[in-house]
Amino acid sequence: MFEPGRIAQSLLRGIRLRCPRCGHAPIFRGWFVLLARCPLCGLAFEREPGYFVGAMYVNYAATVLLALPGYFVLDHWAGLSLGRQLLLWGAFCVIFPLWFYRYSKSLWLAMDYFFDPGEPS
Ligand SMILES: [Zn+2]
């Protein structure tokens, strides 16, 4: 069943790095430490080993979807040389995924929870 309100709610909670079930508790402690469970509702964040492989796809897709058009936009509008473009986008492709790491995991968790909320609490 398609529920746009529930999709938007899941994605907003993912973007805000909050638990997809209750929407209140943060899912990370610090920058890189993912909590095992939500401290408020008890939802397990890592459901099984290898669960966050999908988050790597989210991170990769976001990086490519920004870098590839970014290259062509800068090539057209700024006229940067190929060497400068490679330097710029090479650095971007290293730094952006590190920054986006938490968001990719949170968005993956939110999407998975949207499609399969059936974990017992
Ligand atoms: Zn929760």
# chains A, B, ... in the order shown; residues from 1 in each chain; ligands from 1
>>> residues_around(residues="Pro39 of chain A", least_positions_apart="5", cutoff="10 Å", atoms="only C-alpha atoms", output="PDB file with C-alpha atoms, in the first residue's frame")
ATOM      1  CA  CYS A  19      15.122   6.294  14.928  1.00  0.00           C
ATOM      2  CA  HIS A  24      12.949  10.864  18.738  1.00  0.00           C
ATOM      3  CA  ALA A  25      16.187   9.092  19.631  1.00  0.00           C
ATOM      4  CA  PRO A  26      19.393   9.678  17.655  1.00  0.00           C
ATOM      5  CA  ILE A  27      20.773   6.531  16.035  1.00  0.00           C
ATOM      6  CA  ALA A  44      17.352  -2.936  16.641  1.00  0.00           C
TER       7      ALA A  44
END
>>> residues_near_ligand(ligand="ligand 1", cutoff="6 Å", atoms="only C-alpha atoms and all ligand atoms", output="PyMOL selection string")
chain A and resi 19+21-22+25+38+40-41+43
>>> write_last_selection(atoms="C-alpha atoms", output="compact mmCIF listing (two decimals), in the first residue's frame")
# COMPACT_ATOMS: atom_id res chain seq x y z
CA CYS A 19 15.12 6.29 14.93
CA ARG A 21 10.17 3.91 14.49
CA CYS A 22 9.80 6.57 17.19
CA ALA A 25 16.19 9.09 19.63
CA CYS A 38 16.98 2.70 20.06
CA LEU A 40 13.52 4.85 23.64
CA CYS A 41 11.60 2.22 21.66
CA LEU A 43 14.23 -1.00 17.71
>>> residues_around(residues="Tyr101 of chain A", least_positions_apart="2", cutoff="9 Å", atoms="only C-alpha atoms", output="ChimeraX atom specification")
/A:32,55-56,59,96-99,103-106
>>> select_by_dssp(residues="chain A", states="alpha helix (DSSP H)", output="ChimeraX atom specification")
/A:4-15,53-77,82-115
>>> residues_around(residues="Thr63 of chain A", least_positions_apart="6", cutoff="10 Å", atoms="only C-alpha atoms", output="list of chain:residue names")
A:Tyr57, A:Trp89, A:Phe92, A:Cys93, A:Val94, A:Ile95, A:Phe96, A:Pro97, A:Phe100
>>> write_last_selection(atoms="all heavy atoms", output="short mmCIF file (atom, residue, chain, number, x, y, z; two decimals), in the first residue's frame")
data_model
loop_
_atom_site.label_atom_id
_atom_site.label_comp_id
_atom_site.auth_asym_id
_atom_site.auth_seq_id
_atom_site.Cartn_x
_atom_site.Cartn_y
_atom_site.Cartn_z
N TYR A 57 25.59 1.34 -1.00
CA TYR A 57 25.01 1.68 -2.31
C TYR A 57 24.39 3.07 -2.28
O TYR A 57 24.51 3.83 -3.24
CB TYR A 57 23.96 0.64 -2.72
CG TYR A 57 24.52 -0.71 -3.03
CD1 TYR A 57 24.15 -1.83 -2.30
CD2 TYR A 57 25.41 -0.88 -4.07
CE1 TYR A 57 24.66 -3.08 -2.59
CE2 TYR A 57 25.93 -2.12 -4.39
CZ TYR A 57 25.55 -3.23 -3.64
OH TYR A 57 26.06 -4.45 -3.92
N TRP A 89 37.08 16.85 -8.16
CA TRP A 89 36.10 15.77 -7.98
C TRP A 89 36.71 14.55 -7.33
O TRP A 89 36.00 13.78 -6.68
CB TRP A 89 35.40 15.45 -9.30
CG TRP A 89 34.57 16.62 -9.73
CD1 TRP A 89 34.79 17.45 -10.78
CD2 TRP A 89 33.42 17.14 -9.05
NE1 TRP A 89 33.85 18.45 -10.81
CE2 TRP A 89 32.99 18.28 -9.77
CE3 TRP A 89 32.71 16.76 -7.93
CZ2 TRP A 89 31.89 19.04 -9.38
CZ3 TRP A 89 31.61 17.52 -7.54
CH2 TRP A 89 31.21 18.64 -8.26
N PHE A 92 36.43 15.50 -3.79
CA PHE A 92 35.01 15.40 -3.43
C PHE A 92 34.60 13.96 -3.20
O PHE A 92 33.89 13.66 -2.23
CB PHE A 92 34.14 16.01 -4.55
CG PHE A 92 32.67 15.86 -4.30
CD1 PHE A 92 31.99 16.75 -3.48
CD2 PHE A 92 31.96 14.81 -4.88
CE1 PHE A 92 30.64 16.59 -3.24
CE2 PHE A 92 30.61 14.64 -4.64
CZ PHE A 92 29.94 15.54 -3.82
N CYS A 93 35.08 13.06 -4.07
CA CYS A 93 34.69 11.66 -3.97
C CYS A 93 35.34 10.94 -2.78
O CYS A 93 34.95 9.81 -2.46
CB CYS A 93 35.01 10.92 -5.27
SG CYS A 93 33.90 11.39 -6.61
N VAL A 94 36.28 11.59 -2.14
CA VAL A 94 36.84 11.04 -0.90
C VAL A 94 36.14 11.66 0.31
O VAL A 94 35.76 10.95 1.25
CB VAL A 94 38.37 11.30 -0.83
CG1 VAL A 94 38.92 10.95 0.54
CG2 VAL A 94 39.08 10.50 -1.92
N ILE A 95 35.96 12.96 0.28
CA ILE A 95 35.44 13.67 1.45
C ILE A 95 33.92 13.51 1.61
O ILE A 95 33.43 13.25 2.71
CB ILE A 95 35.81 15.18 1.37
CG1 ILE A 95 37.33 15.31 1.47
CG2 ILE A 95 35.12 15.98 2.46
CD1 ILE A 95 37.85 16.68 1.12
N PHE A 96 33.19 13.63 0.51
CA PHE A 96 31.73 13.57 0.61
C PHE A 96 31.22 12.25 1.20
O PHE A 96 30.37 12.27 2.10
CB PHE A 96 31.07 13.83 -0.75
CG PHE A 96 29.57 13.73 -0.70
CD1 PHE A 96 28.81 14.78 -0.19
CD2 PHE A 96 28.93 12.58 -1.12
CE1 PHE A 96 27.43 14.67 -0.12
CE2 PHE A 96 27.55 12.47 -1.05
CZ PHE A 96 26.79 13.51 -0.54
N PRO A 97 31.73 11.08 0.75
CA PRO A 97 31.21 9.83 1.34
C PRO A 97 31.51 9.71 2.83
O PRO A 97 30.73 9.11 3.56
CB PRO A 97 31.93 8.73 0.55
CG PRO A 97 32.32 9.37 -0.72
CD PRO A 97 32.59 10.80 -0.38
N PHE A 100 28.87 11.86 4.36
CA PHE A 100 27.53 11.31 4.11
C PHE A 100 27.32 9.94 4.73
O PHE A 100 26.21 9.42 4.72
CB PHE A 100 27.30 11.25 2.59
CG PHE A 100 25.86 11.06 2.20
CD1 PHE A 100 24.91 12.04 2.44
CD2 PHE A 100 25.46 9.88 1.59
CE1 PHE A 100 23.59 11.86 2.07
CE2 PHE A 100 24.13 9.69 1.22
CZ PHE A 100 23.21 10.69 1.46
#
>>> closest_residue(among="A:Ser10, A:Gly79, A:Gly5, A:Arg102", to="Val33 of chain A", atoms="only C-alpha atoms")
A:Arg102
>>> closest_residue(among="A:Pro20, A:Arg29, A:Leu107, A:Leu80", to="Ala62 of chain A", atoms="only C-alpha atoms")
A:Leu107
>>> closest_residue(among="A:Leu74, A:Leu109, A:Ala36, A:Gly118", to="Val58 of chain A", atoms="only C-alpha atoms")
A:Leu109
>>> residues_around(residues="Ile7 of chain A", least_positions_apart="2", cutoff="12 Å", atoms="only C-alpha atoms", output="list in words")
Met1, Phe2, Glu3, Pro4, Gly5, Gln9, Ser10, Leu11, Leu12, Arg13, Gly14, Pro20, Leu107, Ala110, Met111, Asp112, Tyr113, Phe114 and Phe115 of chain A
>>> select_by_dssp(residues="segment 20-72 of chain A", states="strand (DSSP E)", output="list in words")
Phe28, Arg29, Val33 and Leu34 of chain A
>>> atom_distance(atom1="atom CA of Arg18 of chain A", atom2="atom CA of Gly30 of chain A")
13.3 Å
>>> atom_distance(atom1="atom CA of Val64 of chain A", atom2="atom CA of Gly90 of chain A")
11.3 Å
>>> residues_around(residues="Tyr71 of chain A", least_positions_apart="5", cutoff="9 Å", atoms="only C-alpha atoms", output="list in words")
Leu66, His76, Gln85, Leu86 and Trp89 of chain A
>>> write_last_selection(atoms="C-alpha atoms", output="PDB file, in the first residue's frame")
ATOM      1  CA  LEU A  66      26.511  14.761  -7.352  1.00  0.00           C
ATOM      2  CA  HIS A  76      30.270  24.001 -19.181  1.00  0.00           C
ATOM      3  CA  GLN A  85      38.368  18.909 -12.473  1.00  0.00           C
ATOM      4  CA  LEU A  86      40.011  15.598 -11.589  1.00  0.00           C
ATOM      5  CA  TRP A  89      36.096  15.774  -7.982  1.00  0.00           C
TER       6      TRP A  89
END
>>> closest_residue(among="A:Leu34, A:Ala67, A:Ile15, A:Pro117", to="Glu46 of chain A", atoms="only C-alpha atoms")
A:Leu34
